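Colleague: Below you will find the structure I want to go over with you.
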Amino acid sequence: MQDINVSKLQKALFLVCDKIIAAEPMLTELDTIIGDGDHGFGMRIGFSAMKKELSRYDYMQENKIPYDLFKDAGMALIRVMGGTSGVIFGTLFIGGLPALENRQTLTLTDLSEYISISTSKIRQRGRVEQGDKTMYDALFPASEALTASAQNGLSVEKAFEAAYFAAKEGAEKTKAMISRKGRSKNFRDKTLGHIDSGAVSTTLIFEALFESFSEQK
């Protein structure tokens, strides 16, 4: 599978939603250790709303394009989650929309550019860098892996496999970091040795995309 149509993308986002919703207990437990304990709840609420929103249409039958799908997904998160998490995870889906305008199907290059732009927007809006112990520590390496995969001519499923493992490795590295952003920064040294819940959520998103694209190849 190289060019990806909106139907395949819709199925992929449904799996993203299901994986995040199912992970609520784990995400809550992680956030309870070095945060307010509400990350899992907020993500479940947000991605449940996304699934409901995306279930309103058969995007292929309605002649909608990937731009419409990702815009609906991101706006659902921003509308329902609110706060910093809503803006950040919403930006993951809407930040790179300019790369998708008027495209009926997407290549791996299109997707890598889309996610790269979203990653940059998150860096700007969240004022984060690698090493701050946030979701960006998983997102940035995942985006870099996608870009490299597109440049090297890998298949979509192989590219998202690389992105997933890059995100997973990035999330694991947050255990050795002291939180410098978000609510967990108040815990400072106590955050050392614990993985960041936002980075785990980001990893789950890329895991779901990898699994879905592999199944649909």
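Simple scheme: letters A, B, ... for chains in structure tokens order, numbers from 1 for residues in each chain, numbers from 1 for ligands in the order shown.
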Using only C-alpha atoms, find each residue of region 4-47 of chain A with at least one atom at most 12 Å away from an atom of region 173-180 of chain A; report its shortest atom-to-atom pair and that distance in Å (one decimal), sort the rows by chain and rising residue number, and return the result as JSON lines.
Modeller:
{"residue": "A:Leu30", "atom": "CA", "partner": "A:Lys175", "partner_atom": "CA", "distance": 11.5}
{"residue": "A:Ile34", "atom": "CA", "partner": "A:Ser179", "partner_atom": "CA", "distance": 9.0}
{"residue": "A:Gly35", "atom": "CA", "partner": "A:Ser179", "partner_atom": "CA", "distance": 10.3}
Colleague: Give me, as CSV, the closest atom pair and its distance (Å, one decimal) for every residue of region 22-93 of chain A within a cut-off of 7 Å of region 98-120 of chain A, counting only C-alpha atoms, rows sorted by chain and rising number.
Modeller:
residue,atom,partner,partner_atom,distance
A:Ile65,CA,A:Gln104,CA,5.4
A:Pro66,CA,A:Gln104,CA,6.8
A:Tyr67,CA,A:Leu100,CA,5.5
A:Thr91,CA,A:Ser118,CA,6.3
A:Leu92,CA,A:Ser118,CA,5.2
Colleague: Out of region 39-217 of chain A, which residues get helix (DSSP H, G or I) from DSSP, as a VMD selection string?
Modeller: chain A and resid 39 to 54 66 to 81 83 to 94 97 to 100 108 to 126 136 to 151 156 to 176 183 to 191 197 to 215
Colleague: Please provide the set of residues having any atom within 7 Å of region 146-152 of chain A, restricted to only C-alpha atoms, with same-chain residues fewer than 2 positions apart removed, written as a list in words.
Modeller: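 In the requested format, the answer is Leu108, Thr109, Ser112, Ala142, Ser143, Glu144, Leu154, Ala159, Phe160 and Ala163 of chain A.
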Colleague: Deliver the residues from the most recent selection as a file, using N, CA, C and O atoms, as an mmCIF file, in the first residue's frame.
Modeller:
data_model
loop_
_atom_site.group_PDB
_atom_site.id
_atom_site.type_symbol
_atom_site.label_atom_id
_atom_site.label_comp_id
_atom_site.auth_asym_id
_atom_site.auth_seq_id
_atom_site.Cartn_x
_atom_site.Cartn_y
_atom_site.Cartn_z
ATOM 1 N N LEU A 108 3.419 8.519 1.282
ATOM 2 C CA LEU A 108 4.200 8.550 2.518
ATOM 3 C C LEU A 108 4.879 9.907 2.681
ATOM 4 O O LEU A 108 4.963 10.431 3.798
ATOM 5 N N THR A 109 5.327 10.483 1.587
ATOM 6 C CA THR A 109 5.945 11.810 1.648
ATOM 7 C C THR A 109 4.954 12.847 2.161
ATOM 8 O O THR A 109 5.292 13.700 2.987
ATOM 9 N N SER A 112 4.495 12.228 5.921
ATOM 10 C CA SER A 112 5.672 12.617 6.701
ATOM 11 C C SER A 112 5.768 14.138 6.797
ATOM 12 O O SER A 112 6.122 14.681 7.860
ATOM 13 N N ALA A 142 9.716 10.135 16.186
ATOM 14 C CA ALA A 142 8.782 9.448 15.293
ATOM 15 C C ALA A 142 8.668 10.195 13.970
ATOM 16 O O ALA A 142 8.674 9.596 12.879
ATOM 17 N N SER A 143 8.554 11.505 14.055
ATOM 18 C CA SER A 143 8.474 12.330 12.853
ATOM 19 C C SER A 143 9.746 12.229 12.029
ATOM 20 O O SER A 143 9.703 12.110 10.788
ATOM 21 N N GLU A 144 10.887 12.249 12.690
ATOM 22 C CA GLU A 144 12.168 12.126 11.999
ATOM 23 C C GLU A 144 12.280 10.771 11.289
ATOM 24 O O GLU A 144 12.793 10.683 10.171
ATOM 25 N N LEU A 154 10.853 3.691 1.649
ATOM 26 C CA LEU A 154 10.232 2.576 2.368
ATOM 27 C C LEU A 154 8.730 2.547 2.128
ATOM 28 O O LEU A 154 8.122 3.547 1.733
ATOM 29 N N ALA A 159 7.479 2.302 7.239
ATOM 30 C CA ALA A 159 7.757 3.644 7.740
ATOM 31 C C ALA A 159 7.095 3.873 9.087
ATOM 32 O O ALA A 159 7.706 4.423 10.018
ATOM 33 N N PHE A 160 5.848 3.439 9.218
ATOM 34 C CA PHE A 160 5.161 3.644 10.491
ATOM 35 C C PHE A 160 5.632 2.667 11.555
ATOM 36 O O PHE A 160 5.522 2.946 12.747
ATOM 37 N N ALA A 163 8.531 4.559 12.802
ATOM 38 C CA ALA A 163 8.063 5.693 13.601
ATOM 39 C C ALA A 163 7.590 5.237 14.972
ATOM 40 O O ALA A 163 7.866 5.897 15.990
#
Colleague: Could you tell me which of A:Leu27, A:Leu204, A:Met75, A:Ala49 comes closest to Phe93 (chain A) if we count only C-alpha atoms?
Modeller: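 Among the listed residues, the smallest separation from Phe93 (chain A) belongs to A:Met75.
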Colleague: When distances are computed from only C-alpha atoms, which of A:Leu9, A:Ala145, A:Ile205, A:Gly131 shows the smallest separation from Phe47 (chain A)?
Modeller: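 Answer, going by the shortest atom-to-atom distance: A:Ile205.
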Colleague: Residues at most 7 Å from Thr203 (chain A), counting only C-alpha atoms, excluding those fewer than 4 positions away in the same chain, as a ChimeraX atom specification?
Modeller: /A:138,164,167-168,199,207
Colleague: Please provide as JSON, numbers by chain all residues within 10 Å of Gly74 (chain A), with the sequence filter that same-chain residues fewer than 5 positions apart are discarded (counting only C-alpha atoms).
Modeller: {"A": [46, 47, 50, 69, 79, 86, 87, 88, 89, 90, 91, 92, 93, 94, 95]}
Colleague: Mind pulling up the distance from CA of Lys51 (chain A) to CA of Asp38 (chain A)?
Modeller: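 Distance reported for this atom pair: 20.0 Å.
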Colleague: With only C-alpha atoms as the atoms that count, which of A:Leu77, A:Thr84, A:Glu215, A:Phe206 lies nearest to Phe140 (chain A)?
Modeller: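 Using only C-alpha atoms, the shortest distance to Phe140 (chain A) belongs to A:Phe206.
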Colleague: Taking only C-alpha atoms into account, name the residue in A:Leu97, A:Ile4, A:Ile78, A:Ala23 that is nearest to His39 (chain A).
Modeller: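 Smallest separation from His39 (chain A) among the options: A:Ala23.
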Colleague: Might you pull out every residue within 9 Å of Gly198 (chain A), with only C-alpha atoms counted and same-chain residues fewer than 6 positions away left off, and present them as a PyMOL selection string?
Modeller: chain A and resi 27+31+39+85+133-136+138+171
Colleague: Next, write the just-selected residues to a file, as a short mmCIF file (atom, residue, chain, number, x, y, z; two decimals), in the first residue's frame, keeping C-alpha atoms as the atom set.
Modeller:
data_model
loop_
_atom_site.label_atom_id
_atom_site.label_comp_id
_atom_site.auth_asym_id
_atom_site.auth_seq_id
_atom_site.Cartn_x
_atom_site.Cartn_y
_atom_site.Cartn_z
CA LEU A 27 -2.17 6.38 31.49
CA ASP A 31 0.18 10.35 35.54
CA HIS A 39 -4.15 12.40 31.77
CA SER A 85 -3.48 18.66 26.39
CA LYS A 133 10.09 15.16 29.44
CA THR A 134 6.92 15.68 27.40
CA MET A 135 5.07 14.02 24.54
CA TYR A 136 7.50 15.84 22.21
CA ALA A 138 8.31 10.65 21.57
CA ALA A 171 9.23 7.64 25.52
#
Colleague: Which polymer residues have any atom within 10 Å of an atom of Ala208 (chain A), counting only C-alpha atoms, with same-chain residues fewer than 5 positions away left out, as a list in words?
Modeller: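 Skipping anything fewer than 5 positions along the chain leaves Ala12, Leu13, Phe14, Leu15, Val16, Cys17, Asp18, Lys19, Ile20, Phe160, Glu161, Tyr164, Thr203, Phe213 and Ser214 of chain A.
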Colleague: Selection from above, C-alpha atoms, as an mmCIF file, in the first residue's frame, can you write it?
Modeller:
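Saved the output as part00.cif:
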data_model
loop_
_atom_site.group_PDB
_atom_site.id
_atom_site.type_symbol
_atom_site.label_atom_id
_atom_site.label_comp_id
_atom_site.auth_asym_id
_atom_site.auth_seq_id
_atom_site.Cartn_x
_atom_site.Cartn_y
_atom_site.Cartn_z
ATOM 1 C CA ALA A 12 -6.532 3.973 11.128
ATOM 2 C CA LEU A 13 -7.900 6.793 13.269
ATOM 3 C CA PHE A 14 -10.630 4.536 14.652
ATOM 4 C CA LEU A 15 -7.906 2.169 15.853
ATOM 5 C CA VAL A 16 -6.008 5.128 17.346
ATOM 6 C CA CYS A 17 -9.121 6.079 19.295
ATOM 7 C CA ASP A 18 -9.750 2.537 20.499
ATOM 8 C CA LYS A 19 -6.159 2.089 21.662
ATOM 9 C CA ILE A 20 -6.118 5.378 23.598
ATOM 10 C CA PHE A 160 5.161 3.644 10.491
ATOM 11 C CA GLU A 161 6.817 0.641 12.096
ATOM 12 C CA TYR A 164 6.397 3.584 16.274
ATOM 13 C CA THR A 203 3.627 6.123 21.252
ATOM 14 C CA PHE A 213 -1.565 0.325 7.876
ATOM 15 C CA SER A 214 -0.005 -3.130 8.193
#
Colleague: Which of these, A:Ser197, A:Thr28, A:Ser155, A:Gln216, has the shortest distance to Glu172 (chain A) once you count only C-alpha atoms?
Modeller: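 Using only C-alpha atoms, the shortest distance to Glu172 (chain A) belongs to A:Ser197.
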